[in-house]
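coords_22.cif follows (mmCIF, C-alpha atoms, pLDDT in the B column; chains and numbers go by the auth columns):
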data_work
loop_
_atom_site.group_PDB
_atom_site.id
_atom_site.type_symbol
_atom_site.label_atom_id
_atom_site.label_comp_id
_atom_site.label_asym_id
_atom_site.label_seq_id
_atom_site.Cartn_x
_atom_site.Cartn_y
_atom_site.Cartn_z
_atom_site.B_iso_or_equiv
_atom_site.auth_seq_id
_atom_site.auth_asym_id
ATOM 1 C CA MET A 1 21.670 -7.865 10.847 62.00 262 A
ATOM 2 C CA PHE A 2 21.665 -4.063 10.999 73.00 263 A
ATOM 3 C CA ASN A 3 24.118 -3.394 8.191 78.00 264 A
ATOM 4 C CA LEU A 4 23.681 -0.537 5.720 78.00 265 A
ATOM 5 C CA PRO A 5 21.568 -2.415 3.117 75.00 266 A
ATOM 6 C CA ASN A 6 19.205 -3.767 5.785 77.00 267 A
ATOM 7 C CA CYS A 7 18.853 -0.321 7.350 81.00 268 A
ATOM 8 C CA ILE A 8 17.854 1.066 3.941 82.00 269 A
ATOM 9 C CA THR A 9 15.280 -1.721 3.615 83.00 270 A
ATOM 10 C CA LEU A 10 13.868 -0.882 7.059 86.00 271 A
ATOM 11 C CA THR A 11 13.716 2.754 5.960 88.00 272 A
ATOM 12 C CA ARG A 12 11.412 1.638 3.137 88.00 273 A
ATOM 13 C CA ILE A 13 9.052 0.103 5.675 90.00 274 A
ATOM 14 C CA PHE A 14 9.150 3.366 7.628 93.00 275 A
ATOM 15 C CA CYS A 15 8.248 5.165 4.384 93.00 276 A
ATOM 16 C CA VAL A 16 5.187 2.920 4.080 94.00 277 A
ATOM 17 C CA ILE A 17 4.128 3.945 7.593 95.00 278 A
ATOM 18 C CA VAL A 18 4.573 7.638 6.761 96.00 279 A
ATOM 19 C CA PHE A 19 2.744 7.130 3.449 96.00 280 A
ATOM 20 C CA THR A 20 -0.216 5.450 5.148 95.00 281 A
ATOM 21 C CA CYS A 21 -0.461 7.909 8.040 95.00 282 A
ATOM 22 C CA ALA A 22 -0.282 10.927 5.722 94.00 283 A
ATOM 23 C CA LEU A 23 -3.074 9.630 3.499 93.00 284 A
ATOM 24 C CA ALA A 24 -5.176 8.651 6.513 92.00 285 A
ATOM 25 C CA TRP A 25 -4.790 12.201 7.839 90.00 286 A
ATOM 26 C CA ASP A 26 -5.708 13.622 4.436 88.00 287 A
ATOM 27 C CA ALA A 27 -8.857 11.499 4.332 85.00 288 A
ATOM 28 C CA ALA A 28 -9.891 12.580 7.834 82.00 289 A
ATOM 29 C CA HIS A 29 -8.930 16.234 7.397 72.00 290 A
ATOM 30 C CA PRO A 30 -9.021 17.125 3.688 65.00 291 A
ATOM 31 C CA SER A 31 -6.591 19.916 2.909 52.00 292 A
ATOM 32 C CA LEU A 32 -7.784 22.975 1.053 48.00 293 A
ATOM 33 C CA VAL A 33 -6.734 23.217 -2.570 47.00 294 A
ATOM 34 C CA ALA A 34 -3.943 25.747 -2.904 44.00 295 A
ATOM 35 C CA GLU A 35 -4.901 28.918 -4.702 43.00 296 A
ATOM 36 C CA ILE A 36 -2.691 29.702 -7.686 40.00 297 A
ATOM 37 C CA SER A 37 -1.832 33.349 -8.152 38.00 298 A
ATOM 38 C CA GLU A 38 0.069 34.885 -11.048 38.00 299 A
ATOM 39 C CA GLU A 39 3.174 34.957 -8.873 42.00 300 A
ATOM 40 C CA SER A 40 2.957 31.290 -7.835 44.00 301 A
ATOM 41 C CA ALA A 41 1.688 29.816 -11.101 43.00 302 A
ATOM 42 C CA GLY A 42 4.126 27.530 -12.833 46.00 303 A
ATOM 43 C CA ILE A 43 6.080 26.443 -9.746 49.00 304 A
ATOM 44 C CA LEU A 44 5.863 23.391 -7.509 56.00 305 A
ATOM 45 C CA VAL A 45 2.853 24.208 -5.301 61.00 306 A
ATOM 46 C CA PRO A 46 1.217 21.244 -3.532 65.00 307 A
ATOM 47 C CA LEU A 47 -2.535 20.880 -3.631 73.00 308 A
ATOM 48 C CA SER A 48 -2.408 18.984 -0.344 79.00 309 A
ATOM 49 C CA LEU A 49 0.390 18.911 2.220 85.00 310 A
ATOM 50 C CA ALA A 50 -0.576 15.414 3.411 89.00 311 A
ATOM 51 C CA ARG A 51 -0.661 13.998 -0.119 90.00 312 A
ATOM 52 C CA CYS A 52 2.627 15.748 -0.837 89.00 313 A
ATOM 53 C CA ILE A 53 4.229 14.010 2.163 92.00 314 A
ATOM 54 C CA ALA A 54 2.772 10.691 1.010 94.00 315 A
ATOM 55 C CA PHE A 55 4.137 11.224 -2.502 94.00 316 A
ATOM 56 C CA TRP A 56 7.695 11.908 -1.362 94.00 317 A
ATOM 57 C CA ALA A 57 7.586 9.059 1.150 96.00 318 A
ATOM 58 C CA PHE A 58 6.643 6.713 -1.687 96.00 319 A
ATOM 59 C CA VAL A 59 9.379 8.103 -3.963 95.00 320 A
ATOM 60 C CA ILE A 60 12.021 7.632 -1.266 94.00 321 A
ATOM 61 C CA GLY A 61 10.775 4.098 -0.647 92.00 322 A
ATOM 62 C CA ALA A 62 10.850 3.294 -4.367 91.00 323 A
ATOM 63 C CA VAL A 63 14.384 4.666 -4.812 90.00 324 A
ATOM 64 C CA SER A 64 15.627 2.738 -1.770 86.00 325 A
ATOM 65 C CA ASP A 65 14.510 -0.472 -3.492 80.00 326 A
ATOM 66 C CA PHE A 66 17.443 -0.122 -5.870 79.00 327 A
ATOM 67 C CA PHE A 67 20.101 0.919 -3.388 79.00 328 A
ATOM 68 C CA ASP A 68 19.629 -1.777 -0.731 74.00 329 A
ATOM 69 C CA GLY A 69 20.030 -4.663 -3.171 72.00 330 A
ATOM 70 C CA TYR A 70 22.919 -2.981 -4.991 69.00 331 A
ATOM 71 C CA LEU A 71 24.814 -2.211 -1.792 73.00 332 A
ATOM 72 C CA ALA A 72 24.187 -5.676 -0.359 69.00 333 A
ATOM 73 C CA ARG A 73 25.883 -7.228 -3.373 73.00 334 A
ATOM 74 C CA LYS A 74 28.566 -4.537 -3.667 75.00 335 A
ATOM 75 C CA LEU A 75 29.564 -4.702 0.012 73.00 336 A
ATOM 76 C CA ASN A 76 29.065 -8.465 0.241 75.00 337 A
ATOM 77 C CA GLN A 77 26.490 -7.948 3.006 71.00 338 A
ATOM 78 C CA VAL A 78 23.734 -10.264 1.784 73.00 339 A
ATOM 79 C CA THR A 79 21.955 -11.697 4.834 70.00 340 A
ATOM 80 C CA ASN A 80 19.023 -14.015 5.445 68.00 341 A
ATOM 81 C CA PHE A 81 17.219 -11.128 7.149 68.00 342 A
ATOM 82 C CA GLY A 82 17.689 -9.012 4.034 67.00 343 A
ATOM 83 C CA LYS A 83 16.454 -11.793 1.767 68.00 344 A
ATOM 84 C CA LEU A 84 13.290 -11.993 3.878 70.00 345 A
ATOM 85 C CA ILE A 85 12.530 -8.346 4.536 76.00 346 A
ATOM 86 C CA ASP A 86 13.513 -6.815 1.157 77.00 347 A
ATOM 87 C CA PRO A 87 10.811 -8.454 -1.012 76.00 348 A
ATOM 88 C CA LEU A 88 8.325 -8.076 1.840 81.00 349 A
ATOM 89 C CA ALA A 89 8.970 -4.327 2.005 84.00 350 A
ATOM 90 C CA ASP A 90 8.508 -4.074 -1.769 84.00 351 A
ATOM 91 C CA LYS A 91 5.172 -5.853 -1.641 86.00 352 A
ATOM 92 C CA ILE A 92 3.892 -3.732 1.249 90.00 353 A
ATOM 93 C CA LEU A 93 4.898 -0.487 -0.502 92.00 354 A
ATOM 94 C CA VAL A 94 3.273 -1.377 -3.831 92.00 355 A
ATOM 95 C CA SER A 95 0.164 -2.906 -2.246 93.00 356 A
ATOM 96 C CA ALA A 96 -0.418 0.161 -0.058 94.00 357 A
ATOM 97 C CA ALA A 97 -0.224 2.464 -3.082 95.00 358 A
ATOM 98 C CA TYR A 98 -2.554 0.366 -5.251 96.00 359 A
ATOM 99 C CA ILE A 99 -5.119 0.039 -2.472 95.00 360 A
ATOM 100 C CA TYR A 100 -5.133 3.817 -2.033 95.00 361 A
ATOM 101 C CA LEU A 101 -5.359 4.474 -5.780 95.00 362 A
ATOM 102 C CA THR A 102 -8.317 2.096 -5.960 95.00 363 A
ATOM 103 C CA GLY A 103 -9.992 4.061 -3.168 92.00 364 A
ATOM 104 C CA VAL A 104 -9.640 7.338 -5.102 91.00 365 A
ATOM 105 C CA HIS A 105 -10.840 5.714 -8.346 91.00 366 A
ATOM 106 C CA LEU A 106 -7.539 5.886 -10.238 91.00 367 A
ATOM 107 C CA CYS A 107 -7.094 2.121 -10.466 94.00 368 A
ATOM 108 C CA PRO A 108 -9.750 -0.559 -11.141 94.00 369 A
ATOM 109 C CA PHE A 109 -10.303 -2.636 -8.015 94.00 370 A
ATOM 110 C CA TRP A 110 -9.852 -5.927 -9.879 96.00 371 A
ATOM 111 C CA VAL A 111 -6.376 -4.854 -11.030 95.00 372 A
ATOM 112 C CA THR A 112 -5.367 -4.282 -7.408 96.00 373 A
ATOM 113 C CA ILE A 113 -6.756 -7.698 -6.468 96.00 374 A
ATOM 114 C CA VAL A 114 -4.790 -9.401 -9.265 95.00 375 A
ATOM 115 C CA ILE A 115 -1.564 -7.648 -8.268 94.00 376 A
ATOM 116 C CA ILE A 116 -1.873 -8.461 -4.556 94.00 377 A
ATOM 117 C CA PHE A 117 -2.934 -12.054 -5.327 94.00 378 A
ATOM 118 C CA ARG A 118 0.164 -12.500 -7.504 92.00 379 A
ATOM 119 C CA GLU A 119 2.412 -11.247 -4.678 87.00 380 A
ATOM 120 C CA PHE A 120 0.893 -13.691 -2.173 85.00 381 A
ATOM 121 C CA LEU A 121 1.129 -16.525 -4.698 87.00 382 A
ATOM 122 C CA VAL A 122 4.788 -15.899 -5.540 85.00 383 A
ATOM 123 C CA THR A 123 5.681 -15.546 -1.862 79.00 384 A
ATOM 124 C CA GLY A 124 4.092 -18.923 -1.145 80.00 385 A
ATOM 125 C CA ILE A 125 5.868 -20.554 -4.092 81.00 386 A
ATOM 126 C CA ARG A 126 9.226 -19.179 -2.948 77.00 387 A
ATOM 127 C CA GLN A 127 8.675 -20.495 0.574 74.00 388 A
ATOM 128 C CA LEU A 128 7.790 -23.904 -0.829 77.00 389 A
ATOM 129 C CA ALA A 129 10.950 -23.861 -2.947 75.00 390 A
ATOM 130 C CA VAL A 130 13.153 -22.856 0.002 69.00 391 A
ATOM 131 C CA ALA A 131 11.652 -25.654 2.096 70.00 392 A
ATOM 132 C CA GLN A 132 12.881 -28.091 -0.561 73.00 393 A
ATOM 133 C CA GLY A 133 16.335 -26.541 -0.810 71.00 394 A
ATOM 134 C CA TYR A 134 15.871 -24.323 -3.863 72.00 395 A
ATOM 135 C CA VAL A 135 16.149 -20.548 -4.208 66.00 396 A
ATOM 136 C CA MET A 136 13.988 -18.848 -6.828 69.00 397 A
ATOM 137 C CA ALA A 137 15.555 -15.516 -7.715 64.00 398 A
ATOM 138 C CA ALA A 138 13.565 -12.690 -9.277 66.00 399 A
ATOM 139 C CA ASP A 139 13.605 -12.883 -13.078 70.00 400 A
ATOM 140 C CA TRP A 140 13.782 -10.000 -15.557 75.00 401 A
ATOM 141 C CA CYS A 141 10.012 -10.007 -15.985 81.00 402 A
ATOM 142 C CA GLY A 142 9.453 -9.519 -12.274 80.00 403 A
ATOM 143 C CA LYS A 143 11.929 -6.644 -12.165 81.00 404 A
ATOM 144 C CA TRP A 144 10.296 -4.882 -15.102 89.00 405 A
ATOM 145 C CA LYS A 145 6.908 -5.506 -13.503 90.00 406 A
ATOM 146 C CA THR A 146 8.037 -3.715 -10.354 87.00 407 A
ATOM 147 C CA GLY A 147 9.456 -0.854 -12.412 89.00 408 A
ATOM 148 C CA PHE A 148 6.185 -0.233 -14.269 93.00 409 A
ATOM 149 C CA GLN A 149 4.159 -0.570 -11.077 93.00 410 A
ATOM 150 C CA LEU A 150 6.296 2.051 -9.343 92.00 411 A
ATOM 151 C CA ALA A 151 6.120 4.354 -12.392 91.00 412 A
ATOM 152 C CA TYR A 152 2.316 4.130 -12.435 94.00 413 A
ATOM 153 C CA CYS A 153 1.997 4.767 -8.695 94.00 414 A
ATOM 154 C CA ILE A 154 4.415 7.717 -8.758 92.00 415 A
ATOM 155 C CA ASP A 155 2.583 9.270 -11.712 88.00 416 A
ATOM 156 C CA CYS A 156 -0.806 8.993 -9.997 90.00 417 A
ATOM 157 C CA LEU A 157 0.476 10.203 -6.625 91.00 418 A
ATOM 158 C CA LEU A 158 2.140 13.186 -8.318 87.00 419 A
ATOM 159 C CA LEU A 159 -1.176 14.057 -9.919 83.00 420 A
ATOM 160 C CA LEU A 160 -2.954 13.896 -6.549 85.00 421 A
ATOM 161 C CA ALA A 161 -0.276 15.834 -4.693 85.00 422 A
ATOM 162 C CA TYR A 162 0.400 18.677 -7.128 77.00 423 A
ATOM 163 C CA GLY A 163 -2.245 18.648 -9.840 71.00 424 A
ATOM 164 C CA ALA A 164 -1.326 21.065 -12.598 56.00 425 A
ATOM 165 C CA ASN A 165 0.773 23.270 -10.296 52.00 426 A
ATOM 166 C CA LEU A 166 3.980 22.161 -11.990 55.00 427 A
ATOM 167 C CA PHE A 167 6.583 23.857 -14.074 49.00 428 A
ATOM 168 C CA PHE A 168 6.363 23.636 -17.882 46.00 429 A
ATOM 169 C CA PRO A 169 6.234 21.193 -19.705 49.00 430 A
ATOM 170 C CA LEU A 170 5.222 18.728 -16.981 54.00 431 A
ATOM 171 C CA PRO A 171 1.524 19.723 -16.880 50.00 432 A
ATOM 172 C CA GLU A 172 0.948 18.540 -20.443 51.00 433 A
ATOM 173 C CA LEU A 173 3.198 15.488 -20.098 56.00 434 A
ATOM 174 C CA LEU A 174 1.638 14.335 -16.830 58.00 435 A
ATOM 175 C CA PHE A 175 -1.876 15.741 -16.687 58.00 436 A
ATOM 176 C CA GLY A 176 -2.986 16.322 -20.267 59.00 437 A
ATOM 177 C CA SER A 177 -3.938 13.756 -22.878 65.00 438 A
ATOM 178 C CA ILE A 178 -0.308 12.610 -23.049 69.00 439 A
ATOM 179 C CA GLY A 179 -0.273 12.040 -19.299 69.00 440 A
ATOM 180 C CA GLU A 180 -3.482 10.019 -19.412 79.00 441 A
ATOM 181 C CA GLY A 181 -1.994 7.847 -22.137 82.00 442 A
ATOM 182 C CA LEU A 182 1.196 7.310 -20.123 83.00 443 A
ATOM 183 C CA ARG A 183 -0.742 6.318 -17.005 87.00 444 A
ATOM 184 C CA ALA A 184 -2.847 3.875 -18.990 90.00 445 A
ATOM 185 C CA ALA A 185 0.292 2.388 -20.556 91.00 446 A
ATOM 186 C CA PHE A 186 2.024 2.048 -17.181 93.00 447 A
ATOM 187 C CA LEU A 187 -1.067 0.389 -15.685 94.00 448 A
ATOM 188 C CA TRP A 188 -1.769 -2.169 -18.393 94.00 449 A
ATOM 189 C CA ILE A 189 1.876 -3.029 -19.046 95.00 450 A
ATOM 190 C CA SER A 190 2.415 -3.584 -15.323 94.00 451 A
ATOM 191 C CA LEU A 191 -0.693 -5.780 -15.220 95.00 452 A
ATOM 192 C CA LEU A 192 0.513 -7.809 -18.213 95.00 453 A
ATOM 193 C CA LEU A 193 3.946 -8.295 -16.641 94.00 454 A
ATOM 194 C CA THR A 194 2.292 -9.204 -13.334 93.00 455 A
ATOM 195 C CA LEU A 195 0.344 -12.011 -15.000 93.00 456 A
ATOM 196 C CA TRP A 196 3.333 -13.107 -17.072 92.00 457 A
ATOM 197 C CA SER A 197 5.777 -13.241 -14.182 89.00 458 A
ATOM 198 C CA GLY A 198 3.217 -14.973 -11.956 88.00 459 A
ATOM 199 C CA ALA A 199 2.625 -17.642 -14.600 89.00 460 A
ATOM 200 C CA ASN A 200 6.387 -18.050 -15.010 86.00 461 A
ATOM 201 C CA TYR A 201 6.850 -18.638 -11.280 84.00 462 A
ATOM 202 C CA CYS A 202 4.035 -21.205 -11.315 84.00 463 A
ATOM 203 C CA TYR A 203 5.672 -22.983 -14.252 84.00 464 A
ATOM 204 C CA GLN A 204 9.036 -23.084 -12.487 81.00 465 A
ATOM 205 C CA ALA A 205 7.400 -24.336 -9.304 78.00 466 A
ATOM 206 C CA ARG A 206 5.627 -27.295 -10.895 77.00 467 A
ATOM 207 C CA ARG A 207 8.337 -29.671 -9.603 71.00 468 A
ATOM 208 C CA PHE A 208 7.858 -28.412 -6.029 69.00 469 A
ATOM 209 C CA ILE A 209 4.084 -28.610 -6.227 66.00 470 A
ATOM 210 C CA ARG A 210 4.241 -32.173 -7.539 67.00 471 A
ATOM 211 C CA GLY A 211 6.774 -33.046 -4.868 59.00 472 A
#
Serialized structure, structure tokens:
Amino acid sequence: MFNLPNCITLTRIFCVIVFTCALAWDAAHPSLVAEISEESAGILVPLSLARCIAFWAFVIGAVSDFFDGYLARKLNQVTNFGKLIDPLADKILVSAAYIYLTGVHLCPFWVTIVIIFREFLVTGIRQLAVAQGYVMAADWCGKWKTGFQLAYCIDCLLLLAYGANLFFPLPELLFGSIGEGLRAAFLWISLLLTLWSGANYCYQARRFIRG
């Protein structure tokens, strides 16, 4: 059970714990905004240490999502435990980020509800399929959906952790009008793919539901 891919997956769950604890600490003890002097301007200076820790915990968790599945297939170490815990870890990581972003008014609350509802729905459909002897693998739409969700969350968390204290040209790309456009694109594309992939799973599951 505790092979390399599964250990990476468990690391992602640990990242969620670190992410949540860091943001809870930041909410209870707001960090002072870092002062930018002429000497420090233009370098990576965090606005909040707690939010910085949360940002990097999320990035590590997002990156690990690629490596555990790749290594499991490469090393022929696909296990039932991995099949169970890998998608669960993904859902917990994304849900935690969207809930937080809703709390700080960077994501509409109804978008977060739709995304979490879709994850519960797909999980239930997959369990129903497995109970009848079928395995429903993630399709391309679901993978792209996860990619855009992670991109949106990372962009927003970077904004909260570092603000404009970033080296050129990232301030304009991430925090100016271009950055706002990118965040909006990431959000609405991820929502569209969430609805599309959810509908696709429901369509595929019609035989199980009827059965």
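Here atom CA of A:Leu411 is placed at a distance of 24.7 Å from atom CA of A:Gln388.
Using all atoms listed in the file, the nearest neighbour of A:Ile274 within the list A:Asp347, A:Asp287, A:Asp329, A:Glu441 is A:Asp347.
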If the PyMOL selection byres ((chain A and resi 382) around 12) were run on this exact file, what residues would it hold? Put them as a PyMOL selection string.
chain A and resi 352+374-381+383-389+455-456+458-463+466
Might I get the box with edges along x, y and z of the file that holds all atoms of stretch 457-469 of chain A listed there, padded by 3 Å on every side, given as centre and edge lengths in Å to one decimal, as AutoDock Vina command-line options?
--center_x 5.8 --center_y -21.4 --center_z -11.6 --size_x 12.4 --size_y 22.6 --size_z 17.0
Would you give me, as a tab-separated table, each residue of stretch 307-356 of chain A having an atom within 10 Å of an atom of stretch 407-410 of chain A, along with its shortest atom pair and that distance in Å to one decimal, using all atoms listed in the file and sorting by chain and residue number?
residue	atom	partner	partner_atom	distance
A:Ala323	CA	A:Gly408	CA	9.2
A:Asp326	CA	A:Thr407	CA	10.0
A:Asp351	CA	A:Thr407	CA	8.6
A:Lys352	CA	A:Thr407	CA	9.4
A:Val355	CA	A:Gln410	CA	7.3
A:Ser356	CA	A:Gln410	CA	10.0
Counting all atoms listed in the file, which of A:Thr272, A:Gln393, A:Asn267, A:Gln465 gets nearest to A:Arg334?
A:Asn267
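What separates atom CA of A:Gly330 from atom CA of A:Ser451 is a distance of 21.4 Å.
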A:Leu284 environment, 7 Å, only C-alpha atoms, sequence neighbours closer than 4 positions dropped, as a PDB file with C-alpha atoms, in the coordinates of the input:
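Okay, this is what ended up in selection.pdb:
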ATOM      1  CA  PHE A 280       2.744   7.130   3.449  1.00 96.00           C
ATOM      2  CA  ALA A 288      -8.857  11.499   4.332  1.00 85.00           C
ATOM      3  CA  ALA A 311      -0.576  15.414   3.411  1.00 89.00           C
ATOM      4  CA  ARG A 312      -0.661  13.998  -0.119  1.00 90.00           C
ATOM      5  CA  ALA A 315       2.772  10.691   1.010  1.00 94.00           C
TER       6      ALA A 315
END
Evaluate the PyMOL selection byres ((chain A and resi 359) around 9) on the structure here and hand back the selected residues as a PyMOL selection string.
chain A and resi 354-358+360-364+367-368+370+372-373+376-377+410+414
One number please: atom CA of A:Arg273 to atom CA of A:Ala350, in Å, one decimal.
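About the pair atom CA of A:Arg273 and atom CA of A:Ala350: they are 6.5 Å apart.
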Residue with smallest distance to A:Asp400 - pool A:Leu454, A:Val320, A:Phe275, A:Trp449, counting only C-alpha atoms:
A:Leu454
Determine the nearest neighbour of A:Cys313 from the options A:Tyr413, A:Trp286, A:Asn264, A:Ile346, counting all atoms listed in the file.
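Of A:Tyr413, A:Trp286, A:Asn264, A:Ile346, the one nearest A:Cys313 is A:Trp286, counting all atoms listed in the file.
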Show me, as a PyMOL selection string, the residues that have an atom within 8 Å of A:Ala422 when counting all atoms listed in the file, minus same-chain residues fewer than 4 positions from it.
chain A and resi 307-310+312-313+316+418
Given only C-alpha atoms as the basis, pick out the residue of A:Ala445, A:Leu452, A:Leu265, A:Val365 nearest to A:Lys335.
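Answer, going by the shortest atom-to-atom distance: A:Leu265.
If you measure from each of A:Trp405, A:Ile314, A:Ala283, A:Gly322 to A:Leu271 using all atoms listed in the file, the closest one turns out to be A:Gly322.
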